[in-house]
Amino acid sequence: VSAFERVDDVVMGGVSSSKLIASKDMPKLVWTGQVRVDGGGFTGVRTRRFNSPLDLSSYDGLVFDTNLESDDEPERRTWKVTVRTQDSRCEMVYQAPFMPNTPTEIPWSAFRLVRGPVAVPNVPPLGDEPEKLKEIYGVGIIMSRFGAAGPMENFRDGYFRLAINDVGCYSNDSSSTSPPTAFISDLASAEDSTNRGNRTFVGVLLAPLLKVLFNEKRRRRAQARRLLKRRYGMSELKARFVFGHKLKTNRLGAPSAVTQGVAELAADLLAILVAIPVRLLFKTQGVVFRAIRKLRGEKPLPKMA
């Protein structure tokens with residue numbers, strides 16, 4: 001499972017979490033976790049960037065064989081398959097819906113380019129872009145409360161467990177290609193790749209700052225304090241220095257609780273200081289990119305929901 005990485009809503013301030021584990025019945029994998037709508041409402045798992053891109057142009061689509069083992073209400077979530085066609089960490093990927101509990105053939109024509117949960121307008125489906133199918137850099141699965149029409153009203157949050165029995169490719173012309181090709185076995189045993197795709201010079205410079213700013217434990221603590229304030233009317237000071245300190249004391253003892261509390265406070269203050277220049281830089285970068293697209297006569301990208 002080292003060939004995969006999580007894509008949970010913690011990056012947007014949420015508190016959902018998931019993990020991918022190897023089943024005893026290999027090559028099956030199990031994707032499991034908790035989805036919370038507070039601050040987000042989605043979770044996902046994807047392959048790390050392939051060391052060499054896959055050429056899937058001779059196939060007609062992907063086939064997913066999955067089973068929802070936690071409950072019998074898969075229709076109360078939005079399930080999506082993602083395909084990355086760029087050798088980068090770009091936020092835009094091709095995406096198509098699927099439903100667990102039955103082997104599903106997903107044609108390339110069903111994959112549309114998205115930015116977050118929003119479809120990029122005036123872009124043809126992946127099936128109409130055969131050159132892109134020659135360089136596939138990753139695939140993934142997302143479970144979300146955000147469907148094509150927006151947030152689901154009857155979304156089922158909480159615990160989930162999805163068995164991934166097989167992932168592969170299929171062809172409608174059995175004479176021209178081999179039978180459906182599965183690559184989940186290879187991915188499940190692949191070594192962790194440190195090559196996460198091409199990064200810009202600015203991205204390399206910002207990496208240490210972004211690591212501080214988007215620290216998952218710190219963001220989960222912040223979201224927990226927001227929940228305490230919203231549900232129980234606690235102030236920031238009470239949530240942090242009374243309720244939080246009491247939990248630490250019960251778990252670690254008084255001396256260690258004080259030490260950890262001071263360390264967390266220092267990390268939060270550092271993140272606040274780091275956020276100011278980083279946000280300014282990203283806003284400036286966004287203005288520049290939008291200006292370039294306008295000069296080229298390209299339509300603006302849709303805003304991420």
# chains A, B, ... in the order shown; residues from 1 in each chain; ligands from 1

$ residues_around --residues "A:Gly261" --least-positions-apart "2" --cutoff "12 Å" --atoms "only C-alpha atoms" --output "list of chain:residue names"
A:Arg218, A:Arg221, A:Arg240, A:Phe241, A:Val242, A:Phe243, A:Gly244, A:His245, A:Lys246, A:Leu247, A:Lys248, A:Thr249, A:Leu252, A:Gly253, A:Ala254, A:Pro255, A:Ser256, A:Ala257, A:Val258, A:Thr259, A:Ala263, A:Glu264, A:Leu265, A:Ala266, A:Ala267, A:Asp268

$ residues_around --residues "A:Lys132" --least-positions-apart "4" --cutoff "8 Å" --atoms "only C-alpha atoms" --output "tab-separated table (two decimals) with all heavy atoms, in the first residue's frame"
chain	number	residue	atom	x	y	z
A	85	THR	N	-3.54	12.94	-15.93
A	85	THR	CA	-2.87	12.90	-17.23
A	85	THR	C	-1.72	13.90	-17.33
A	85	THR	O	-1.19	14.12	-18.41
A	85	THR	CB	-3.88	13.20	-18.36
A	85	THR	OG1	-4.43	14.51	-18.16
A	85	THR	CG2	-5.00	12.18	-18.38
A	126	LEU	N	-12.30	12.68	-21.80
A	126	LEU	CA	-11.00	12.05	-22.01
A	126	LEU	C	-11.01	11.14	-23.23
A	126	LEU	O	-9.99	10.98	-23.91
A	126	LEU	CB	-10.61	11.26	-20.75
A	126	LEU	CG	-9.23	10.63	-20.73
A	126	LEU	CD1	-8.14	11.66	-20.97
A	126	LEU	CD2	-8.99	9.91	-19.40
A	136	ILE	N	-0.71	8.25	-18.69
A	136	ILE	CA	-1.51	8.26	-17.47
A	136	ILE	C	-0.55	8.17	-16.29
A	136	ILE	O	0.20	7.20	-16.16
A	136	ILE	CB	-2.50	7.08	-17.44
A	136	ILE	CG1	-3.43	7.14	-18.65
A	136	ILE	CG2	-3.29	7.10	-16.13
A	136	ILE	CD1	-4.28	8.39	-18.71

$ closest_residue --among "A:Pro74, A:Gly233, A:Pro125, A:Gly44" --to "A:Asn154" --atoms "only C-alpha atoms"
A:Pro74

$ select_by_dssp --residues "stretch 11-236 of chain A" --states "strand (DSSP E or B)" --output "PyMOL selection string"
chain A and resi 17-22+29-35+42-47+54+61-68+78-84+88+92-97+104-107+112-115+118-119+136+138-144+146-147+150-151+158-170+181-182+198

$ write_last_selection --atoms "C-alpha atoms" --output "PDB file, in the first residue's frame"
ATOM      1  CA  SER A  17      -9.608  10.599   7.655  1.00  0.00           C
ATOM      2  CA  SER A  18      -9.003   7.356   5.800  1.00  0.00           C
ATOM      3  CA  LYS A  19      -6.380   4.706   5.209  1.00  0.00           C
ATOM      4  CA  LEU A  20      -5.668   1.920   2.757  1.00  0.00           C
ATOM      5  CA  ILE A  21      -4.764  -1.472   4.165  1.00  0.00           C
ATOM      6  CA  ALA A  22      -3.778  -4.758   2.580  1.00  0.00           C
ATOM      7  CA  LEU A  29      -7.166  -3.850  -0.715  1.00  0.00           C
ATOM      8  CA  VAL A  30      -9.443  -2.260   1.864  1.00  0.00           C
ATOM      9  CA  TRP A  31     -10.082   1.475   2.008  1.00  0.00           C
ATOM     10  CA  THR A  32     -11.625   2.526   5.292  1.00  0.00           C
ATOM     11  CA  GLY A  33     -12.113   5.615   7.435  1.00  0.00           C
ATOM     12  CA  GLN A  34     -14.442   8.263   8.833  1.00  0.00           C
ATOM     13  CA  VAL A  35     -16.025  11.040   6.776  1.00  0.00           C
ATOM     14  CA  PHE A  42     -14.787  14.044   1.363  1.00  0.00           C
ATOM     15  CA  THR A  43     -11.962  11.581   1.474  1.00  0.00           C
ATOM     16  CA  GLY A  44      -9.898   9.820  -1.143  1.00  0.00           C
ATOM     17  CA  VAL A  45      -6.963   7.635  -1.999  1.00  0.00           C
ATOM     18  CA  ARG A  46      -4.775   7.737  -5.097  1.00  0.00           C
ATOM     19  CA  THR A  47      -1.655   6.175  -6.487  1.00  0.00           C
ATOM     20  CA  LEU A  54       0.924   4.090 -18.523  1.00  0.00           C
ATOM     21  CA  GLY A  61     -11.825   2.459 -20.215  1.00  0.00           C
ATOM     22  CA  LEU A  62     -11.251   1.297 -16.649  1.00  0.00           C
ATOM     23  CA  VAL A  63     -12.980  -1.491 -14.777  1.00  0.00           C
ATOM     24  CA  PHE A  64     -13.470  -1.263 -11.009  1.00  0.00           C
ATOM     25  CA  ASP A  65     -14.586  -4.202  -8.869  1.00  0.00           C
ATOM     26  CA  THR A  66     -15.455  -2.922  -5.383  1.00  0.00           C
ATOM     27  CA  ASN A  67     -17.744  -3.849  -2.506  1.00  0.00           C
ATOM     28  CA  LEU A  68     -19.006  -1.571   0.257  1.00  0.00           C
ATOM     29  CA  THR A  78     -20.871  10.172  -4.369  1.00  0.00           C
ATOM     30  CA  TRP A  79     -18.170   7.796  -5.619  1.00  0.00           C
ATOM     31  CA  LYS A  80     -15.677   8.955  -8.226  1.00  0.00           C
ATOM     32  CA  VAL A  81     -12.698   7.548 -10.102  1.00  0.00           C
ATOM     33  CA  THR A  82      -9.900   9.964 -10.986  1.00  0.00           C
ATOM     34  CA  VAL A  83      -7.270   9.779 -13.710  1.00  0.00           C
ATOM     35  CA  ARG A  84      -4.240  12.061 -13.796  1.00  0.00           C
ATOM     36  CA  SER A  88       2.608  17.457 -12.035  1.00  0.00           C
ATOM     37  CA  MET A  92      -7.094  19.356 -12.279  1.00  0.00           C
ATOM     38  CA  VAL A  93      -7.781  15.691 -13.042  1.00  0.00           C
ATOM     39  CA  TYR A  94     -10.237  13.675 -15.120  1.00  0.00           C
ATOM     40  CA  GLN A  95     -13.084  12.233 -13.085  1.00  0.00           C
ATOM     41  CA  ALA A  96     -16.000   9.839 -13.612  1.00  0.00           C
ATOM     42  CA  PRO A  97     -18.726   8.491 -11.284  1.00  0.00           C
ATOM     43  CA  THR A 104     -18.183  -1.470 -13.323  1.00  0.00           C
ATOM     44  CA  GLU A 105     -16.785  -0.649 -16.739  1.00  0.00           C
ATOM     45  CA  ILE A 106     -16.157   3.089 -16.951  1.00  0.00           C
ATOM     46  CA  PRO A 107     -15.554   4.276 -20.529  1.00  0.00           C
ATOM     47  CA  ARG A 112     -14.500  14.867 -17.560  1.00  0.00           C
ATOM     48  CA  LEU A 113     -11.839  17.364 -16.523  1.00  0.00           C
ATOM     49  CA  VAL A 114     -12.561  18.809 -13.063  1.00  0.00           C
ATOM     50  CA  ARG A 115     -11.038  21.330 -10.709  1.00  0.00           C
ATOM     51  CA  VAL A 118     -16.365  21.451 -10.444  1.00  0.00           C
ATOM     52  CA  ALA A 119     -16.227  20.452 -14.118  1.00  0.00           C
ATOM     53  CA  ILE A 136      -1.506   8.257 -17.469  1.00  0.00           C
ATOM     54  CA  GLY A 138      -2.059   8.054 -11.663  1.00  0.00           C
ATOM     55  CA  VAL A 139      -5.529   6.820 -10.713  1.00  0.00           C
ATOM     56  CA  GLY A 140      -7.593   7.295  -7.571  1.00  0.00           C
ATOM     57  CA  ILE A 141     -10.935   6.984  -5.818  1.00  0.00           C
ATOM     58  CA  ILE A 142     -12.884   9.720  -4.054  1.00  0.00           C
ATOM     59  CA  MET A 143     -15.915   9.400  -1.793  1.00  0.00           C
ATOM     60  CA  SER A 144     -17.662  12.710  -1.275  1.00  0.00           C
ATOM     61  CA  PHE A 146     -20.392  16.703  -3.403  1.00  0.00           C
ATOM     62  CA  GLY A 147     -22.139  15.404  -6.504  1.00  0.00           C
ATOM     63  CA  GLY A 150     -23.793  20.093  -5.383  1.00  0.00           C
ATOM     64  CA  PRO A 151     -23.862  18.765  -1.791  1.00  0.00           C
ATOM     65  CA  GLY A 158     -19.354   8.436   9.473  1.00  0.00           C
ATOM     66  CA  TYR A 159     -17.603   5.098   9.126  1.00  0.00           C
ATOM     67  CA  PHE A 160     -17.091   3.395   5.772  1.00  0.00           C
ATOM     68  CA  ARG A 161     -15.188   0.359   4.527  1.00  0.00           C
ATOM     69  CA  LEU A 162     -14.723  -0.325   0.818  1.00  0.00           C
ATOM     70  CA  ALA A 163     -13.088  -3.495  -0.487  1.00  0.00           C
ATOM     71  CA  ILE A 164     -11.165  -2.901  -3.723  1.00  0.00           C
ATOM     72  CA  ASN A 165     -11.106  -6.302  -5.362  1.00  0.00           C
ATOM     73  CA  ASP A 166      -9.599  -5.298  -8.671  1.00  0.00           C
ATOM     74  CA  VAL A 167      -8.737  -2.329 -10.857  1.00  0.00           C
ATOM     75  CA  GLY A 168      -7.911  -2.759 -14.498  1.00  0.00           C
ATOM     76  CA  CYS A 169      -8.611  -1.846 -18.104  1.00  0.00           C
ATOM     77  CA  TYR A 170     -11.063  -3.271 -20.601  1.00  0.00           C
ATOM     78  CA  THR A 181      -5.606  -5.875 -17.579  1.00  0.00           C
ATOM     79  CA  ALA A 182      -5.455  -5.562 -13.806  1.00  0.00           C
ATOM     80  CA  ASN A 198       7.325  17.946 -11.559  1.00  0.00           C
TER      81      ASN A 198
END

$ atom_distance --atom1 "atom CA of A:Glu69" --atom2 "atom CA of A:Phe155"
17.3 Å

$ atom_distance --atom1 "atom CA of A:Gly297" --atom2 "atom CA of A:Glu135"
26.9 Å

$ atom_distance --atom1 "atom CA of A:Phe50" --atom2 "atom CA of A:Tyr137"
5.2 Å

$ decode --residues "stretch 34-52 of chain A" --atoms "N, CA, C and O atoms" --output "PDB file, in the first residue's frame"
ATOM      1  N   GLN A  34     -13.313   7.491   8.325  1.00  0.00           N
ATOM      2  CA  GLN A  34     -14.442   8.263   8.833  1.00  0.00           C
ATOM      3  C   GLN A  34     -14.569   9.535   8.011  1.00  0.00           C
ATOM      4  O   GLN A  34     -13.588  10.253   7.817  1.00  0.00           O
ATOM      5  N   VAL A  35     -15.778   9.815   7.530  1.00  0.00           N
ATOM      6  CA  VAL A  35     -16.025  11.040   6.776  1.00  0.00           C
ATOM      7  C   VAL A  35     -16.908  11.950   7.615  1.00  0.00           C
ATOM      8  O   VAL A  35     -17.976  11.527   8.097  1.00  0.00           O
ATOM      9  N   ARG A  36     -16.475  13.188   7.801  1.00  0.00           N
ATOM     10  CA  ARG A  36     -17.229  14.184   8.562  1.00  0.00           C
ATOM     11  C   ARG A  36     -17.514  15.387   7.662  1.00  0.00           C
ATOM     12  O   ARG A  36     -16.654  15.804   6.884  1.00  0.00           O
ATOM     13  N   VAL A  37     -18.713  15.923   7.801  1.00  0.00           N
ATOM     14  CA  VAL A  37     -19.085  17.063   6.951  1.00  0.00           C
ATOM     15  C   VAL A  37     -18.581  18.383   7.517  1.00  0.00           C
ATOM     16  O   VAL A  37     -18.582  19.401   6.807  1.00  0.00           O
ATOM     17  N   ASP A  38     -18.151  18.385   8.780  1.00  0.00           N
ATOM     18  CA  ASP A  38     -17.652  19.620   9.386  1.00  0.00           C
ATOM     19  C   ASP A  38     -16.368  20.067   8.706  1.00  0.00           C
ATOM     20  O   ASP A  38     -15.330  19.420   8.821  1.00  0.00           O
ATOM     21  N   GLY A  39     -16.444  21.162   7.971  1.00  0.00           N
ATOM     22  CA  GLY A  39     -15.266  21.730   7.336  1.00  0.00           C
ATOM     23  C   GLY A  39     -14.874  21.054   6.039  1.00  0.00           C
ATOM     24  O   GLY A  39     -13.890  21.436   5.417  1.00  0.00           O
ATOM     25  N   GLY A  40     -15.609  20.036   5.610  1.00  0.00           N
ATOM     26  CA  GLY A  40     -15.223  19.338   4.388  1.00  0.00           C
ATOM     27  C   GLY A  40     -16.330  18.406   3.923  1.00  0.00           C
ATOM     28  O   GLY A  40     -17.396  18.818   3.536  1.00  0.00           O
ATOM     29  N   GLY A  41     -16.056  17.094   4.002  1.00  0.00           N
ATOM     30  CA  GLY A  41     -17.046  16.129   3.577  1.00  0.00           C
ATOM     31  C   GLY A  41     -16.571  15.228   2.455  1.00  0.00           C
ATOM     32  O   GLY A  41     -17.383  14.754   1.659  1.00  0.00           O
ATOM     33  N   PHE A  42     -15.271  14.969   2.379  1.00  0.00           N
ATOM     34  CA  PHE A  42     -14.787  14.044   1.363  1.00  0.00           C
ATOM     35  C   PHE A  42     -13.498  13.383   1.830  1.00  0.00           C
ATOM     36  O   PHE A  42     -12.799  13.883   2.715  1.00  0.00           O
ATOM     37  N   THR A  43     -13.212  12.273   1.217  1.00  0.00           N
ATOM     38  CA  THR A  43     -11.962  11.581   1.474  1.00  0.00           C
ATOM     39  C   THR A  43     -11.588  10.814   0.212  1.00  0.00           C
ATOM     40  O   THR A  43     -12.435  10.562  -0.651  1.00  0.00           O
ATOM     41  N   GLY A  44     -10.323  10.491   0.080  1.00  0.00           N
ATOM     42  CA  GLY A  44      -9.898   9.820  -1.143  1.00  0.00           C
ATOM     43  C   GLY A  44      -8.565   9.120  -0.974  1.00  0.00           C
ATOM     44  O   GLY A  44      -7.848   9.314   0.015  1.00  0.00           O
ATOM     45  N   VAL A  45      -8.245   8.312  -1.952  1.00  0.00           N
ATOM     46  CA  VAL A  45      -6.963   7.635  -1.999  1.00  0.00           C
ATOM     47  C   VAL A  45      -6.547   7.570  -3.460  1.00  0.00           C
ATOM     48  O   VAL A  45      -7.387   7.416  -4.356  1.00  0.00           O
ATOM     49  N   ARG A  46      -5.263   7.742  -3.722  1.00  0.00           N
ATOM     50  CA  ARG A  46      -4.775   7.737  -5.097  1.00  0.00           C
ATOM     51  C   ARG A  46      -3.382   7.137  -5.139  1.00  0.00           C
ATOM     52  O   ARG A  46      -2.673   7.089  -4.124  1.00  0.00           O
ATOM     53  N   THR A  47      -3.008   6.677  -6.317  1.00  0.00           N
ATOM     54  CA  THR A  47      -1.655   6.175  -6.487  1.00  0.00           C
ATOM     55  C   THR A  47      -0.687   7.349  -6.465  1.00  0.00           C
ATOM     56  O   THR A  47      -1.028   8.463  -6.876  1.00  0.00           O
ATOM     57  N   ARG A  48       0.489   7.096  -5.974  1.00  0.00           N
ATOM     58  CA  ARG A  48       1.544   8.080  -6.157  1.00  0.00           C
ATOM     59  C   ARG A  48       1.884   8.110  -7.638  1.00  0.00           C
ATOM     60  O   ARG A  48       1.522   7.206  -8.406  1.00  0.00           O
ATOM     61  N   ARG A  49       2.563   9.154  -8.049  1.00  0.00           N
ATOM     62  CA  ARG A  49       2.888   9.294  -9.461  1.00  0.00           C
ATOM     63  C   ARG A  49       3.634   8.063  -9.947  1.00  0.00           C
ATOM     64  O   ARG A  49       4.588   7.603  -9.331  1.00  0.00           O
ATOM     65  N   PHE A  50       3.166   7.503 -11.076  1.00  0.00           N
ATOM     66  CA  PHE A  50       3.853   6.364 -11.662  1.00  0.00           C
ATOM     67  C   PHE A  50       5.249   6.778 -12.125  1.00  0.00           C
ATOM     68  O   PHE A  50       5.428   7.843 -12.719  1.00  0.00           O
ATOM     69  N   ASN A  51       6.230   5.942 -11.860  1.00  0.00           N
ATOM     70  CA  ASN A  51       7.593   6.237 -12.316  1.00  0.00           C
ATOM     71  C   ASN A  51       7.657   6.376 -13.827  1.00  0.00           C
ATOM     72  O   ASN A  51       8.397   7.191 -14.368  1.00  0.00           O
ATOM     73  N   SER A  52       6.863   5.558 -14.519  1.00  0.00           N
ATOM     74  CA  SER A  52       6.724   5.663 -15.969  1.00  0.00           C
ATOM     75  C   SER A  52       5.237   5.711 -16.279  1.00  0.00           C
ATOM     76  O   SER A  52       4.480   4.877 -15.772  1.00  0.00           O
TER      77      SER A  52
END
